[in-house]
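Peer 1: target_16.pdb is reproduced below (PDB, C-alpha atoms).
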```
MODEL        1
ATOM      1  CA  MET V 280     120.599  93.506  93.042  1.00  0.00           C
ATOM      2  CA  THR V 281     117.879  93.992  95.644  1.00  0.00           C
ATOM      3  CA  THR V 282     114.946  96.381  95.412  1.00  0.00           C
ATOM      4  CA  ASN V 283     116.478  98.598  98.113  1.00  0.00           C
ATOM      5  CA  GLU V 284     119.835  98.705  96.294  1.00  0.00           C
ATOM      6  CA  ALA V 285     118.101  99.606  93.021  1.00  0.00           C
ATOM      7  CA  ARG V 286     116.080 102.380  94.667  1.00  0.00           C
ATOM      8  CA  SER V 287     119.183 103.745  96.370  1.00  0.00           C
ATOM      9  CA  ILE V 288     121.071 103.866  93.052  1.00  0.00           C
ATOM     10  CA  ALA V 289     118.198 105.557  91.243  1.00  0.00           C
ATOM     11  CA  GLU V 290     117.582 108.060  94.054  1.00  0.00           C
ATOM     12  CA  SER V 291     121.237 109.050  94.271  1.00  0.00           C
ATOM     13  CA  PHE V 292     121.521 109.728  90.541  1.00  0.00           C
ATOM     14  CA  ASN V 293     122.222 113.406  89.878  1.00  0.00           C
ATOM     15  CA  GLU V 294     121.352 114.239  86.274  1.00  0.00           C
ATOM     16  CA  ASP V 295     123.398 117.438  86.337  1.00  0.00           C
ATOM     17  CA  ASN V 296     126.649 115.815  87.467  1.00  0.00           C
ATOM     18  CA  TYR V 297     127.207 112.178  86.596  1.00  0.00           C
ATOM     19  CA  THR V 298     129.630 109.804  84.971  1.00  0.00           C
ATOM     20  CA  GLU V 299     128.734 107.399  82.194  1.00  0.00           C
ATOM     21  CA  GLU V 300     129.089 104.516  84.656  1.00  0.00           C
ATOM     22  CA  GLU V 301     126.641 106.155  87.104  1.00  0.00           C
ATOM     23  CA  GLU V 302     124.122 106.704  84.327  1.00  0.00           C
ATOM     24  CA  PHE V 303     124.399 103.065  83.254  1.00  0.00           C
ATOM     25  CA  ARG V 304     123.891 101.896  86.860  1.00  0.00           C
ATOM     26  CA  CYS V 305     120.804 104.104  87.162  1.00  0.00           C
ATOM     27  CA  ILE V 306     119.344 102.714  83.924  1.00  0.00           C
ATOM     28  CA  GLU V 307     120.077  99.196  85.133  1.00  0.00           C
ATOM     29  CA  ALA V 308     118.376  99.960  88.465  1.00  0.00           C
ATOM     30  CA  MET V 309     115.298 101.372  86.696  1.00  0.00           C
ATOM     31  CA  GLN V 310     115.016  98.241  84.573  1.00  0.00           C
ATOM     32  CA  PHE V 311     115.273  96.101  87.697  1.00  0.00           C
ATOM     33  CA  LEU V 312     112.569  98.070  89.535  1.00  0.00           C
ATOM     34  CA  ILE V 313     110.122  98.002  86.639  1.00  0.00           C
ATOM     35  CA  GLU V 314     110.705  94.312  85.981  1.00  0.00           C
ATOM     36  CA  LYS V 315     110.229  93.598  89.682  1.00  0.00           C
ATOM     37  CA  GLU V 316     106.662  94.924  89.432  1.00  0.00           C
ATOM     38  CA  ARG V 317     105.816  92.597  86.544  1.00  0.00           C
ATOM     39  CA  SER V 318     107.423  89.459  85.227  1.00  0.00           C
ATOM     40  CA  PRO V 319     110.598  90.226  83.256  1.00  0.00           C
ATOM     41  CA  ARG V 320     109.134  88.081  80.489  1.00  0.00           C
ATOM     42  CA  ASP V 321     106.109  90.374  80.235  1.00  0.00           C
ATOM     43  CA  MET V 322     107.017  94.005  80.758  1.00  0.00           C
ATOM     44  CA  LEU V 323     108.094  95.679  77.517  1.00  0.00           C
ATOM     45  CA  ARG V 324     108.949  92.321  75.978  1.00  0.00           C
ATOM     46  CA  THR V 325     105.454  91.541  74.785  1.00  0.00           C
ATOM     47  CA  PRO V 326     102.679  93.889  73.652  1.00  0.00           C
ATOM     48  CA  HIS V 327     101.255  95.965  76.486  1.00  0.00           C
ATOM     49  CA  LYS V 328      99.618  99.295  77.056  1.00  0.00           C
ATOM     50  CA  VAL V 329     100.830 101.164  80.125  1.00  0.00           C
ATOM     51  CA  THR V 330      99.514 104.409  81.532  1.00  0.00           C
ATOM     52  CA  PHE V 331     100.950 106.383  84.422  1.00  0.00           C
ATOM     53  CA  TYR V 332     101.107 109.912  85.732  1.00  0.00           C
ATOM     54  CA  TYR V 333     103.966 112.377  85.942  1.00  0.00           C
ATOM     55  CA  GLY V 334     102.756 115.417  87.854  1.00  0.00           C
ATOM     56  CA  ASP V 335      99.168 115.892  86.726  1.00  0.00           C
ATOM     57  CA  SER V 336      99.868 114.621  83.223  1.00  0.00           C
ATOM     58  CA  LEU V 337      98.741 111.183  82.056  1.00  0.00           C
ATOM     59  CA  GLN V 338     101.463 109.383  80.090  1.00  0.00           C
ATOM     60  CA  ARG V 339     100.827 106.554  77.640  1.00  0.00           C
ATOM     61  CA  LEU V 340     103.237 103.873  76.568  1.00  0.00           C
ATOM     62  CA  GLU V 341     102.493 101.068  74.153  1.00  0.00           C
ATOM     63  CA  SER V 342     104.695  98.151  73.193  1.00  0.00           C
ATOM     64  CA  VAL V 343     103.874  96.300  69.979  1.00  0.00           C
ATOM     65  CA  MET V 344     105.377  93.439  68.036  1.00  0.00           C
ATOM     66  CA  GLU V 345     107.182  94.402  64.854  1.00  0.00           C
ATOM     67  CA  ASP V 346     108.632  91.394  63.062  1.00  0.00           C
ATOM     68  CA  ASP V 347     110.239  89.436  65.919  1.00  0.00           C
ATOM     69  CA  GLU V 348     110.943  92.495  68.075  1.00  0.00           C
ATOM     70  CA  CYS V 349     108.848  94.261  70.665  1.00  0.00           C
ATOM     71  CA  VAL V 350     109.109  98.007  70.007  1.00  0.00           C
ATOM     72  CA  ILE V 351     107.896 100.804  72.266  1.00  0.00           C
ATOM     73  CA  ASN V 352     105.950 103.962  71.458  1.00  0.00           C
ATOM     74  CA  PHE V 353     106.095 106.644  74.136  1.00  0.00           C
ATOM     75  CA  ASN V 354     105.082 110.280  73.590  1.00  0.00           C
ATOM     76  CA  ASN V 355     104.906 109.700  69.817  1.00  0.00           C
ATOM     77  CA  ARG V 356     108.494 108.495  69.685  1.00  0.00           C
ATOM     78  CA  TRP V 357     109.497 104.952  68.791  1.00  0.00           C
ATOM     79  CA  TYR V 358     112.153 103.026  70.691  1.00  0.00           C
ATOM     80  CA  ARG V 359     113.540  99.887  69.014  1.00  0.00           C
ATOM     81  CA  THR V 360     114.646  98.148  72.208  1.00  0.00           C
ATOM     82  CA  ARG V 361     113.935  98.282  75.935  1.00  0.00           C
ATOM     83  CA  GLU V 362     117.471  99.548  76.491  1.00  0.00           C
ATOM     84  CA  ASP V 363     116.888 102.351  73.979  1.00  0.00           C
ATOM     85  CA  PHE V 364     113.706 103.302  75.849  1.00  0.00           C
ATOM     86  CA  PHE V 365     115.370 103.344  79.271  1.00  0.00           C
ATOM     87  CA  GLU V 366     118.305 105.388  77.976  1.00  0.00           C
ATOM     88  CA  LYS V 367     116.348 107.989  75.992  1.00  0.00           C
ATOM     89  CA  ALA V 368     112.691 108.229  77.032  1.00  0.00           C
ATOM     90  CA  GLU V 369     111.729 111.690  78.284  1.00  0.00           C
ATOM     91  CA  VAL V 370     108.674 113.443  79.624  1.00  0.00           C
ATOM     92  CA  ASP V 371     108.587 117.238  79.665  1.00  0.00           C
ATOM     93  CA  GLY V 372     112.242 117.232  78.563  1.00  0.00           C
ATOM     94  CA  VAL V 373     113.342 115.141  81.558  1.00  0.00           C
ATOM     95  CA  ARG V 374     114.589 111.557  81.359  1.00  0.00           C
ATOM     96  CA  LEU V 375     112.242 109.069  82.955  1.00  0.00           C
ATOM     97  CA  THR V 376     115.153 107.427  84.742  1.00  0.00           C
ATOM     98  CA  SER V 377     115.814 110.637  86.656  1.00  0.00           C
ATOM     99  CA  VAL V 378     112.215 111.090  87.849  1.00  0.00           C
ATOM    100  CA  TYR V 379     111.156 107.487  88.405  1.00  0.00           C
ATOM    101  CA  ASP V 380     110.085 108.266  91.982  1.00  0.00           C
ATOM    102  CA  GLU V 381     107.681 110.942  90.699  1.00  0.00           C
ATOM    103  CA  LEU V 382     105.824 108.521  88.411  1.00  0.00           C
ATOM    104  CA  TYR V 383     102.639 107.036  89.863  1.00  0.00           C
ATOM    105  CA  GLY V 384      99.264 105.506  89.097  1.00  0.00           C
ATOM    106  CA  PHE V 385     100.608 102.759  86.824  1.00  0.00           C
ATOM    107  CA  LYS V 386      98.065 100.639  84.962  1.00  0.00           C
ATOM    108  CA  VAL V 387      99.102  97.819  82.659  1.00  0.00           C
ATOM    109  CA  ASP V 388      96.748  96.360  80.054  1.00  0.00           C
TER     110      ASP V 388
ENDMDL
END
```
As structure tokens - that is how I would like this structure written.

Peer 2:
Amino acid sequence: MTTNEARSIAESFNEDNYTEEEEFRCIEAMQFLIEKERSPRDMLRTPHKVTFYYGDSLQRLESVMEDDECVINFNNRWYRTREDFFEKAEVDGVRLTSVYDELYGFKVD
């Protein structure tokens, strides 16, 4: 998958009318785009603190090690895996995967 292909998939995703296969492809594209920005070995696989904006609202995400797993806390909700996060994470009642192009100002610590 190329960056352009991933962006095209994510941009064409219609949250109101989609098949399970389309949703999976969008999640896969989001994972690709985020991992492209940082090493796949780093992002959400090892402890990090990430901040970004959605609208005017600052969002905070933290990944921490729990036993041998890296778990993610976002908006006071815990996600046990990266896949769980990409499938379920929401901001203002909207899935992150459907508004990825409206997220900006990323900082990774």

Peer 1: Smallest atom-to-atom distance to Leu382 (chain V): which of V:Asp335, V:Thr360, V:Glu366, V:Ser342, using only C-alpha atoms?

Peer 2: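 Closest to Leu382 (chain V) of all the choices is V:Asp335.
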
Peer 1: Take CA of Tyr383 (chain V) and CA of Glu307 (chain V) and report the distance between them in Å, one decimal.

Peer 2: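 Going from CA of Tyr383 (chain V) over to CA of Glu307 (chain V), I get 19.7 Å.
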
Peer 1: Using Å and a single decimal, report how far CA of Lys328 (chain V) sits from CA of Ile351 (chain V).

Peer 2: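 One can read the CA of Ile351 (chain V) to CA of Lys328 (chain V) distance as 9.7 Å.
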
Peer 1: For CA of Asp380 (chain V) and CA of Glu348 (chain V), determine how far apart the two atoms are, in Å to one decimal place.

Peer 2: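 According to the coordinates, CA of Asp380 (chain V) and CA of Glu348 (chain V) are separated by 28.7 Å.
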
Peer 1: Pick out the closest residue to Val370 (chain V) from this set: V:Val387, V:Asp346, V:Pro326, V:Phe331. Count all atoms listed in the file.

Peer 2: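 Of V:Val387, V:Asp346, V:Pro326, V:Phe331, the one nearest Val370 (chain V) is V:Phe331, counting all atoms listed in the file.
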
Peer 1: May I have the residues within 10 Å of Tyr332 (chain V) as a PyMOL selection string, using only C-alpha atoms and disregarding those fewer than 3 positions away in the same chain?

Peer 2: chain V and resi 335-339+381-386

Peer 1: Please produce an output containing C-alpha atoms for each residue in the selection, written as a PDB file, in the frame of the given file.

Peer 2:
```pdb
ATOM      1  CA  ASP V 335      99.168 115.892  86.726  1.00  0.00           C
ATOM      2  CA  SER V 336      99.868 114.621  83.223  1.00  0.00           C
ATOM      3  CA  LEU V 337      98.741 111.183  82.056  1.00  0.00           C
ATOM      4  CA  GLN V 338     101.463 109.383  80.090  1.00  0.00           C
ATOM      5  CA  ARG V 339     100.827 106.554  77.640  1.00  0.00           C
ATOM      6  CA  GLU V 381     107.681 110.942  90.699  1.00  0.00           C
ATOM      7  CA  LEU V 382     105.824 108.521  88.411  1.00  0.00           C
ATOM      8  CA  TYR V 383     102.639 107.036  89.863  1.00  0.00           C
ATOM      9  CA  GLY V 384      99.264 105.506  89.097  1.00  0.00           C
ATOM     10  CA  PHE V 385     100.608 102.759  86.824  1.00  0.00           C
ATOM     11  CA  LYS V 386      98.065 100.639  84.962  1.00  0.00           C
TER      12      LYS V 386
END
```

Peer 1: For Asn352 (chain V), find every residue with an atom within 8 Å (counting all atoms listed in the file), except residues of its own chain fewer than 5 positions away, and show them as a ChimeraX atom specification.

Peer 2: /V:340-342,357-358

Peer 1: Under the rule that only C-alpha atoms are counted, which of V:Val343, V:Asn354, V:Cys349, V:Tyr333 is the nearest residue to Ser377 (chain V)?

Peer 2: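 Checking each candidate against Ser377 (chain V), we get V:Tyr333 as the closest.
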
Peer 1: Using only C-alpha atoms, which of the listed residues (V:Tyr379, V:Ala368, V:Arg359, V:Val373) sits closest to Met344 (chain V)?

Peer 2: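 Of the candidates, the smallest distance to Met344 (chain V) is held by V:Arg359.
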